[in-house]
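Peer 1: What follows is a structure written as structure tokens; I'll ask about it next.
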Amino acid sequence: MSTDLTTRWLGLELECPLVVGAGPLSKDPKLLGEAVSAGAGAVVMYSLFEEQITAEQMAAHRFIDARVDTSAEAHSFMPDSDVFSMDAGPYLRQLERIRERVKVPVVASLNGTTPGGWTNYAKQLEGAGASALELNLYEVVTSPDESGEAVEKRQLEVVSAVVKSIDIPVAVKISPFYASVPAFVRRLELAGARGVTLFNRFYQPDIDLENLDVDRTLHLSTPTELPLRLHALALLSPNTGLSLACTGGVHTGLGAAKAILSGAHAVQLTSALLAKGPRHIGVVREELLHWLEEKGYESSAEARGILDFSSAPDSHAWERVNYARMLDGWTLD
Ligand SMILES: Cc1cc2nc3c(=O)[nH]c(=O)nc-3n(C[C@H](O)[C@H](O)[C@H](O)COP(=O)(O)O)c2cc1C
């Protein structure tokens with residue numbers, strides 16, 4: 001008997017919960033194809049950024065301004081930049097190339113945080129055949145003038161605008177830095193999101209002491225980043241109807257098993273595939289299968305959420321007690 005790995009993520013039926021996470025692999029359809037042949041159940045493309053789209057809109061505007069009569073009458077025929085029909089651009093062509101290459105669902109990715117005309121681009125991604133959209137809300141809030149509530153409200157406006165503009169499901173990729181992740185996730189659900197992807201990594205620049213400069217080297221993740229995600233998955237799993245995807249720190253089949261036990265419907269891998277090559281997803285898949293079989297699970301769905309918080313009647317108190325226990329359990333040699 002072979003263990004069933006099928007899963008339902010964002011309403012999509014996947015053969016395997018292991019998904020190629022957003023990143024550079026999707027810039028090369030051949031490499032992406034290798035990951036899919038090795039067993040990936042879906043792929044998420046690299047992101048198209050709000051700033052890119054907005055710049056394209058502005059450039060198109062300037063181009064038209066330079067070519068046509070700029071009199072007031074001519075301007076009255078100009079489309080409003082907020083609803084400007086943008087050139088689909090290289091991203092759409094790449095999406096089409098990937099779709100031709102792989103037979104699994106292709107999830108497009110938009111990355112932005114302020115409401116505006118750029119969110120209309122989602123419609124074109126849908127038109128180009130994206131099975132779903134992952135909306136990445138990556139940002140580092142720097143202004144002391146904008147409250148946490150205002151930040152969340154602004155982000156939710158972006159989510160609502162994207163959700164309203166398309167029929168395909170939208171997953172929202174968030175950071176762990178909310179005063180209440182469960183409350184924000186509930187608001188995402190009310191805004192029409194179908195899934196949440198946990199968590200963005202905060203790309204922390206270091207200080208280069210030699211050159212007195214900022215060191216912006218991007219380091220790949222390590223498995224030490226996984227427990228933060230496991231904890232949030234376990235907390236959310238009993239409390240949300242959203243599809244849960246884990247991103248961050250999954251490098252092995254055992255890591256994937258932990259994410260599934262915590263409640264993940266899909267487990268994304270980016271760093272591991274960049275470090276070890278796209279076929280590594282096959283190794284992760286084998287290890288996951290082996291672990292499930294060894295533990296007597298007939299399917300990954302059967303294992304999903306076994307270790308989530310559903311059996312903790314008061315999760316807040318449970319957290320506090322465990323925190324105190326852990327501190328108290330530390331023994332000096
Ligand atoms: C080189 C690189 C490029 C990435 N590009 C994107 C991107 O375009 N959009 C996005 O949402 N996440 C992007 N990510 C983040 C990954 O999708 C992922 O969330 C993060 O790396 C944590 O997962 P991991 O531990 O499997 O790497 C990128 C990560 C890396 C390392």
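FYI, nothing fancy with the structure tokens labels: chains A, B, ... in order, residues from 1 per chain, ligands from 1 as they appear.
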Taking only C-alpha atoms and all ligand atoms into account, report as a PyMOL selection string which residues have an atom no farther than 10 Å from an atom of ligand 1.
Peer 2: chain A and resi 19-27+44-49+108-111+134-138+172-175+197-203+218-226+246-251+267-275
Peer 1: Out of range 179-310 of chain A, which residues get strand (DSSP E or B) from DSSP, as a list in words?
Peer 2: Gly195, Val196, Thr197, Leu198, Asp206, Ile207, Asp208, Asp213, Val214, Asp215, Ser243, Leu244, Ala245, Cys246, Thr247, Ala266, Val267, Gln268, Leu269 and Ser299 of chain A
Peer 1: Name all residues at most 7 Å from range 144-155 of chain A (count only C-alpha atoms; drop same-chain ones fewer than 2 positions away) and give them as a PyMOL selection string.
Peer 2: chain A and resi 113-114+142+157-159
Peer 1: Let's see if you can do this: from backbone DSSP, list all helix (DSSP H, G or I) residues in range 96-324 of chain A, as a ChimeraX atom specification.
Peer 2: /A:96-101,117-127,148-165,181-190,223-239,253-262,271-276,280-294,300-303,309-311,315-324
Peer 1: Excluding range 31-34 of chain A and its own-chain neighbours fewer than 6 positions away, which residues fall within 8 Å of it when counting only C-alpha atoms? Please give them as a PDB file with C-alpha atoms, in the first residue's frame.
Peer 2:
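Everything below was put into selection_8.pdb:
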```
ATOM      1  CA  LEU A  25      13.888  28.850  -9.448  1.00  0.00           C
ATOM      2  CA  VAL A  43       4.929  25.979  -7.845  1.00  0.00           C
ATOM      3  CA  ILE A  98       5.975  27.839 -16.973  1.00  0.00           C
ATOM      4  CA  ARG A 101       6.293  23.300 -19.061  1.00  0.00           C
ATOM      5  CA  VAL A 102       4.622  21.965 -15.917  1.00  0.00           C
ATOM      6  CA  PRO A 278      15.496  21.399  -7.720  1.00  0.00           C
ATOM      7  CA  ARG A 279      15.611  17.583  -7.584  1.00  0.00           C
TER       8      ARG A 279
END
```
Peer 1: Could you pull the residues within 8 Å of range 291-297 of chain A, counting only C-alpha atoms, minus those fewer than 2 positions along the same chain, as a short mmCIF file (atom, residue, chain, number, x, y, z; two decimals) with N, CA and C atoms, in the first residue's frame?
Peer 2:
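In the end it all went to part14.cif:
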```cif
data_model
loop_
_atom_site.label_atom_id
_atom_site.label_comp_id
_atom_site.auth_asym_id
_atom_site.auth_seq_id
_atom_site.Cartn_x
_atom_site.Cartn_y
_atom_site.Cartn_z
N THR A 3 1.49 5.29 0.51
CA THR A 3 0.92 6.39 1.29
C THR A 3 0.43 7.50 0.38
N GLY A 253 12.51 16.06 4.74
CA GLY A 253 11.18 15.44 4.85
C GLY A 253 10.68 15.47 6.29
N LEU A 254 11.61 15.41 7.22
CA LEU A 254 11.18 15.45 8.63
C LEU A 254 10.67 16.84 8.98
N ALA A 257 7.27 16.97 7.63
CA ALA A 257 6.35 16.19 8.49
C ALA A 257 5.93 17.04 9.69
N GLU A 287 11.65 11.11 2.03
CA GLU A 287 11.83 11.11 3.48
C GLU A 287 10.48 11.29 4.20
N LEU A 288 9.66 12.16 3.64
CA LEU A 288 8.32 12.39 4.22
C LEU A 288 7.49 11.11 4.13
N LEU A 289 7.51 10.48 2.94
CA LEU A 289 6.76 9.23 2.75
C LEU A 289 7.21 8.17 3.74
N SER A 299 -2.09 8.36 4.93
CA SER A 299 -2.04 9.57 4.10
C SER A 299 -1.46 10.73 4.91
N SER A 300 -0.98 11.73 4.20
CA SER A 300 -0.49 12.92 4.90
C SER A 300 -1.67 13.68 5.52
N GLU A 302 -4.12 12.40 6.98
CA GLU A 302 -4.41 11.78 8.28
C GLU A 302 -3.50 12.37 9.38
N ALA A 303 -2.29 12.73 9.00
CA ALA A 303 -1.34 13.27 9.97
C ALA A 303 -1.52 14.77 10.19
#
```
Peer 1: Please measure the separation of CA of Leu95 in chain A and CA of Gly117 in chain A, giving the value in Å to one decimal.
Peer 2: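 It comes out at 21.0 Å.
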Peer 1: As an exercise, work out the distance from CA of Ile207 in chain A to CA of Phe177 in chain A in Å and give it to one decimal place.
Peer 2: 22.6 Å
Peer 1: Just want the 6 Å neighbourhood of Ala193 in chain A, counted on only C-alpha atoms, with same-chain residues fewer than 4 positions away dropped. Output as a PyMOL selection string.
Peer 2: chain A and resi 170-171+188-189
Peer 1: For the residues selected in the previous step, produce a file with C-alpha atoms as a short mmCIF file (atom, residue, chain, number, x, y, z; two decimals), in the first residue's frame.
Peer 2:
```
data_model
loop_
_atom_site.label_atom_id
_atom_site.label_comp_id
_atom_site.auth_asym_id
_atom_site.auth_seq_id
_atom_site.Cartn_x
_atom_site.Cartn_y
_atom_site.Cartn_z
CA VAL A 170 -5.75 34.31 -3.04
CA ALA A 171 -3.26 33.29 -0.38
CA LEU A 188 -7.74 38.18 6.14
CA GLU A 189 -10.39 35.48 6.00
#
```
Peer 1: Which is closest to Val284 in chain A among A:Leu236, A:Ala264, A:Ala256, A:Ala317, if we use only C-alpha atoms?
Peer 2: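 Checking each candidate against Val284 in chain A, we get A:Ala256 as the closest.
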Peer 1: Do you have the CA of Leu307 in chain A-CA of Arg320 in chain A distance handy?
Peer 2: 18.2 Å
Peer 1: List as a VMD selection string the protein and nucleic acid residues near Ile53 in chain A, meaning an atom at most 9 Å away when only C-alpha atoms are counted, but skip any in the same chain fewer than 6 places from it.
Peer 2: chain A and resid 86 117 to 119 121
Peer 1: Restricted to all heavy atoms, what would the selected residues look like written as a PDB file, in the first residue's frame?
Peer 2:
```pdb
ATOM      1  N   MET A  86      -2.262  47.955 -18.252  1.00  0.00           N
ATOM      2  CA  MET A  86      -0.807  47.883 -18.407  1.00  0.00           C
ATOM      3  C   MET A  86      -0.389  46.831 -19.416  1.00  0.00           C
ATOM      4  O   MET A  86      -1.067  45.854 -19.632  1.00  0.00           O
ATOM      5  CB  MET A  86      -0.178  47.536 -17.067  1.00  0.00           C
ATOM      6  CG  MET A  86      -0.281  48.634 -16.063  1.00  0.00           C
ATOM      7  SD  MET A  86      -0.056  47.938 -14.432  1.00  0.00           S
ATOM      8  CE  MET A  86      -1.667  47.305 -14.114  1.00  0.00           C
ATOM      9  N   GLY A 117      -3.802  51.242  -8.158  1.00  0.00           N
ATOM     10  CA  GLY A 117      -4.116  50.620  -9.443  1.00  0.00           C
ATOM     11  C   GLY A 117      -3.322  49.368  -9.732  1.00  0.00           C
ATOM     12  O   GLY A 117      -3.761  48.520 -10.516  1.00  0.00           O
ATOM     13  N   TRP A 118      -2.148  49.216  -9.094  1.00  0.00           N
ATOM     14  CA  TRP A 118      -1.304  48.046  -9.372  1.00  0.00           C
ATOM     15  C   TRP A 118      -2.021  46.729  -9.073  1.00  0.00           C
ATOM     16  O   TRP A 118      -1.727  45.709  -9.684  1.00  0.00           O
ATOM     17  CB  TRP A 118       0.007  48.136  -8.586  1.00  0.00           C
ATOM     18  CG  TRP A 118      -0.160  47.974  -7.110  1.00  0.00           C
ATOM     19  CD1 TRP A 118      -0.472  48.936  -6.192  1.00  0.00           C
ATOM     20  CD2 TRP A 118      -0.038  46.757  -6.369  1.00  0.00           C
ATOM     21  NE1 TRP A 118      -0.565  48.402  -4.943  1.00  0.00           N
ATOM     22  CE2 TRP A 118      -0.290  47.063  -5.020  1.00  0.00           C
ATOM     23  CE3 TRP A 118       0.257  45.435  -6.698  1.00  0.00           C
ATOM     24  CZ2 TRP A 118      -0.269  46.095  -4.016  1.00  0.00           C
ATOM     25  CZ3 TRP A 118       0.286  44.474  -5.700  1.00  0.00           C
ATOM     26  CH2 TRP A 118       0.027  44.811  -4.375  1.00  0.00           C
ATOM     27  N   THR A 119      -2.993  46.784  -8.144  1.00  0.00           N
ATOM     28  CA  THR A 119      -3.673  45.535  -7.776  1.00  0.00           C
ATOM     29  C   THR A 119      -4.491  44.963  -8.956  1.00  0.00           C
ATOM     30  O   THR A 119      -4.807  43.781  -8.981  1.00  0.00           O
ATOM     31  CB  THR A 119      -4.600  45.720  -6.555  1.00  0.00           C
ATOM     32  OG1 THR A 119      -5.514  46.775  -6.839  1.00  0.00           O
ATOM     33  CG2 THR A 119      -3.819  46.048  -5.299  1.00  0.00           C
ATOM     34  N   TYR A 121      -3.436  44.308 -11.686  1.00  0.00           N
ATOM     35  CA  TYR A 121      -2.571  43.387 -12.413  1.00  0.00           C
ATOM     36  C   TYR A 121      -2.954  41.932 -12.136  1.00  0.00           C
ATOM     37  O   TYR A 121      -2.715  41.041 -12.949  1.00  0.00           O
ATOM     38  CB  TYR A 121      -1.118  43.647 -12.021  1.00  0.00           C
ATOM     39  CG  TYR A 121      -0.138  43.306 -13.115  1.00  0.00           C
ATOM     40  CD1 TYR A 121       0.241  44.258 -14.043  1.00  0.00           C
ATOM     41  CD2 TYR A 121       0.389  42.032 -13.227  1.00  0.00           C
ATOM     42  CE1 TYR A 121       1.131  43.962 -15.055  1.00  0.00           C
ATOM     43  CE2 TYR A 121       1.278  41.713 -14.235  1.00  0.00           C
ATOM     44  CZ  TYR A 121       1.642  42.678 -15.142  1.00  0.00           C
ATOM     45  OH  TYR A 121       2.521  42.358 -16.139  1.00  0.00           O
TER      46      TYR A 121
END
```
Peer 1: Using only C-alpha atoms, which of A:Gly11, A:Pro227, A:Pro238, A:Gly255 sits nearest Pro105 in chain A?
Peer 2: A:Gly11
